[in-house]
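J.: Let me give you the structure first, and then I'll get to my questions.
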Amino acid sequence: MLADLGISSLQLDDPSRGFSFSADGPLDMRLEPGGGTPSAADLVATLDVRSLAEVLSRWGEERDARKIAGAIVRERERAPITTTGRLSEVVARAAGPAARRFKIHPATRTFQALRIAVNREIEGIPELVQGASEILRPGGRLAVISFHSLEDRAVKQTMRELAHRCVCPPGLPVCACGREDVFRIVTARPIVPSDAEVRANPRARSAKLRVAERV
C-alpha cells in the first residue's frame, strides 16, 4: 500500500482555491470546495484570539502565533479578511521586519496551519496507518510519503506504536501482556529525495518516505 499525502500542484497553483499567497484569490483552502465544511475565511472570521493562536501554533508551528492571531482579529473588525492577499498582508505586518531574515515568507506557517485545520489533514493519519495494518497480509508493506514535519511525525509515531506494542515491564523473560507487534519498521530513518530529484522537482524537497512491514 502506498499513501501519498501531498496535495496536487494543480490545486496549489490555482488562485481560486485559495491555498497560496503568491496570487490573490478567495480565502478558501478546502480540498473539496462546497462540501459543507468551513473554509479558511470562516475560521479567520469566527475563531477568537486564543483558538486562532492555538491553530497557528499547533498546525503551523508558528512562534508568533499569539501576535499574529491578535492582528487578524483586530483587522477583521475593521474589514472582513476574505482573500489570500489580505491575509498575507496582515500576517506580514504583524510578523514585522525581523521575519524577513528567514527564507520563507512570513505568512507561510499561517497558511499551512489554516489549510491543515480546514481539511483535518493530520487527524486521519493514525487511522490510515492502523487501517493498513488490519488489511495487509504478513510480509505486506505500507509506504507513506509525507511533505511536512507534522505529517511525518504522525506517521512515525503510529508506525512505532504498532511495531512496539508490548507493555510488559523491562526484564520480563516472556511477554505476558499478549500485545503482539503488528509492524516491523523497514526504514529506521526516512528516505528523502536526492539533490538531482530536488533540482528536477523542487516541490519534492520536503518529501519523506517511511515504510513498515506487516509481521
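As shown in the C-alpha cells, the chain order sets the letters A, B, ...; within each chain, residues go from 1, and ligands are also counted from 1 in the order they appear.
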Just list as a list in words whatever in stretch 123-197 of chain A DSSP marks as helix (DSSP H, G or I).

T.: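 Put together, the selection reads Ile125, Pro126, Glu127, Leu128, Val129, Gln130, Gly131, Ala132, Ser133, Glu134, Ile135, Ser149, Leu150, Glu151, Asp152, Arg153, Ala154, Val155, Lys156, Gln157, Thr158, Met159, Arg160, Glu161, Leu162, Ala163, Asp195, Ala196 and Glu197 of chain A.
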
J.: Residues near A:Asp152, anyone? I mean within 10 Å using only C-alpha atoms, not counting same-chain ones fewer than 5 positions away, as a ChimeraX atom specification.

T.: /A:5,122,125,144-147,157,190,207-210

J.: Please identify the strand (DSSP E or B) residues within stretch 128-176 of chain A (assignment by DSSP from backbone atoms) and present them as an mmCIF file with N, CA and C atoms, in the first residue's frame.

T.:
data_model
loop_
_atom_site.group_PDB
_atom_site.id
_atom_site.type_symbol
_atom_site.label_atom_id
_atom_site.label_comp_id
_atom_site.auth_asym_id
_atom_site.auth_seq_id
_atom_site.Cartn_x
_atom_site.Cartn_y
_atom_site.Cartn_z
ATOM 1 N N ARG A 141 3.656 -4.512 2.799
ATOM 2 C CA ARG A 141 4.287 -3.281 3.270
ATOM 3 C C ARG A 141 3.400 -2.055 3.051
ATOM 4 N N LEU A 142 3.510 -1.143 4.008
ATOM 5 C CA LEU A 142 2.869 0.163 3.896
ATOM 6 C C LEU A 142 3.965 1.204 3.709
ATOM 7 N N ALA A 143 3.868 1.992 2.639
ATOM 8 C CA ALA A 143 4.806 3.083 2.378
ATOM 9 C C ALA A 143 4.023 4.388 2.385
ATOM 10 N N VAL A 144 4.506 5.358 3.148
ATOM 11 C CA VAL A 144 3.813 6.646 3.264
ATOM 12 C C VAL A 144 4.772 7.784 2.935
ATOM 13 N N ILE A 145 4.377 8.632 2.000
ATOM 14 C CA ILE A 145 5.159 9.815 1.646
ATOM 15 C C ILE A 145 4.487 11.031 2.279
ATOM 16 N N SER A 146 5.212 11.731 3.134
ATOM 17 C CA SER A 146 4.684 12.945 3.768
ATOM 18 C C SER A 146 5.483 14.144 3.281
#

J.: For A:Pro38, work out the shell of residues within 12 Å, counting only C-alpha atoms and skipping chain neighbours fewer than 3 positions away, then give it as a PyMOL selection string.

T.: chain A and resi 27-35+41-47+114-115+117-120

J.: Just checking: using only C-alpha atoms, which residue out of A:Val198, A:Ser51, A:Ser8, A:Val182 ends up closest to A:Gly140?

T.: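 Closest candidate: A:Val182.
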
J.: Neighbouring residues of A:His164 were defined as those with any atom within 9 Å, considering only C-alpha atoms; residues of the same chain fewer than 2 positions away were excluded. Please report them as a compact mmCIF listing (two decimals) with N, CA and C atoms, in the first residue's frame.

T.:
# COMPACT_ATOMS: atom_id res chain seq x y z
N MET A 159 3.44 4.25 13.35
CA MET A 159 4.16 3.03 12.95
C MET A 159 4.92 2.44 14.13
N ARG A 160 5.57 3.29 14.90
CA ARG A 160 6.35 2.81 16.04
C ARG A 160 5.45 2.18 17.11
N GLU A 161 4.30 2.79 17.34
CA GLU A 161 3.36 2.24 18.32
C GLU A 161 2.92 0.83 17.93
N LEU A 162 2.72 0.62 16.63
CA LEU A 162 2.28 -0.69 16.15
C LEU A 162 3.43 -1.69 16.04
N CYS A 166 4.17 -4.22 23.02
CA CYS A 166 4.30 -4.86 24.33
C CYS A 166 4.46 -3.80 25.43
N VAL A 167 3.68 -3.95 26.50
CA VAL A 167 3.73 -3.01 27.62
C VAL A 167 4.23 -3.70 28.89
N ARG A 179 0.13 -8.39 23.80
CA ARG A 179 0.03 -7.37 22.74
C ARG A 179 1.15 -7.61 21.71
N GLU A 180 0.85 -8.37 20.70
CA GLU A 180 1.85 -8.71 19.70
C GLU A 180 2.08 -7.55 18.75
N ASP A 181 3.33 -7.41 18.31
CA ASP A 181 3.65 -6.38 17.33
C ASP A 181 2.98 -6.73 16.00
N VAL A 182 2.52 -5.70 15.30
CA VAL A 182 1.88 -5.93 14.01
C VAL A 182 2.71 -5.37 12.85
N PHE A 183 3.68 -4.52 13.15
CA PHE A 183 4.54 -3.94 12.12
C PHE A 183 6.00 -4.15 12.47
N ARG A 184 6.83 -4.20 11.44
CA ARG A 184 8.28 -4.11 11.58
C ARG A 184 8.72 -2.88 10.81

J.: Of the candidates A:Asp64, A:Cys177, A:Asp48, A:Pro15, which shows the shortest atom-to-atom distance to A:Ala98, using only C-alpha atoms?

T.: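 Distance minimum relative to A:Ala98 lands on A:Asp64.
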
J.: Counting only C-alpha atoms, figure out which residue out of A:Ser206, A:Thr158, A:Ser9, A:Ser149 gets nearest to A:Glu127.

T.: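 So, comparing all the options, the nearest one is A:Thr158.
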
J.: Give me the residues within 9 Å of A:Ser22 as a list in words, counting only C-alpha atoms and dropping any in the same chain fewer than 4 places off.

T.: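 These residues fall inside the cut-off: Asp13, Pro15, Thr84 and Gly85 of chain A.
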
J.: Let's have the selection written as a PDB file, in the first residue's frame, with N, CA and C atoms.

T.:
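To be explicit, this is the file written out as selection.pdb:
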ATOM      1  N   ASP A  13      -1.587  25.689  -7.340  1.00  0.00           N
ATOM      2  CA  ASP A  13      -1.297  26.774  -8.275  1.00  0.00           C
ATOM      3  C   ASP A  13      -2.543  27.503  -8.761  1.00  0.00           C
ATOM      4  N   PRO A  15      -5.278  30.021  -8.152  1.00  0.00           N
ATOM      5  CA  PRO A  15      -5.607  31.081  -7.190  1.00  0.00           C
ATOM      6  C   PRO A  15      -7.026  30.984  -6.643  1.00  0.00           C
ATOM      7  N   THR A  84      -6.688  35.769   0.016  1.00  0.00           N
ATOM      8  CA  THR A  84      -5.346  35.345   0.408  1.00  0.00           C
ATOM      9  C   THR A  84      -4.394  36.530   0.497  1.00  0.00           C
ATOM     10  N   GLY A  85      -4.566  37.487  -0.409  1.00  0.00           N
ATOM     11  CA  GLY A  85      -3.698  38.656  -0.406  1.00  0.00           C
ATOM     12  C   GLY A  85      -3.837  39.478   0.857  1.00  0.00           C
TER      13      GLY A  85
END

J.: To one decimal in Å, tell me the separation between atom CA of A:Thr37 and atom CA of A:Leu87.

T.: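 Rounded to one decimal, the two atoms are 20.0 Å apart.
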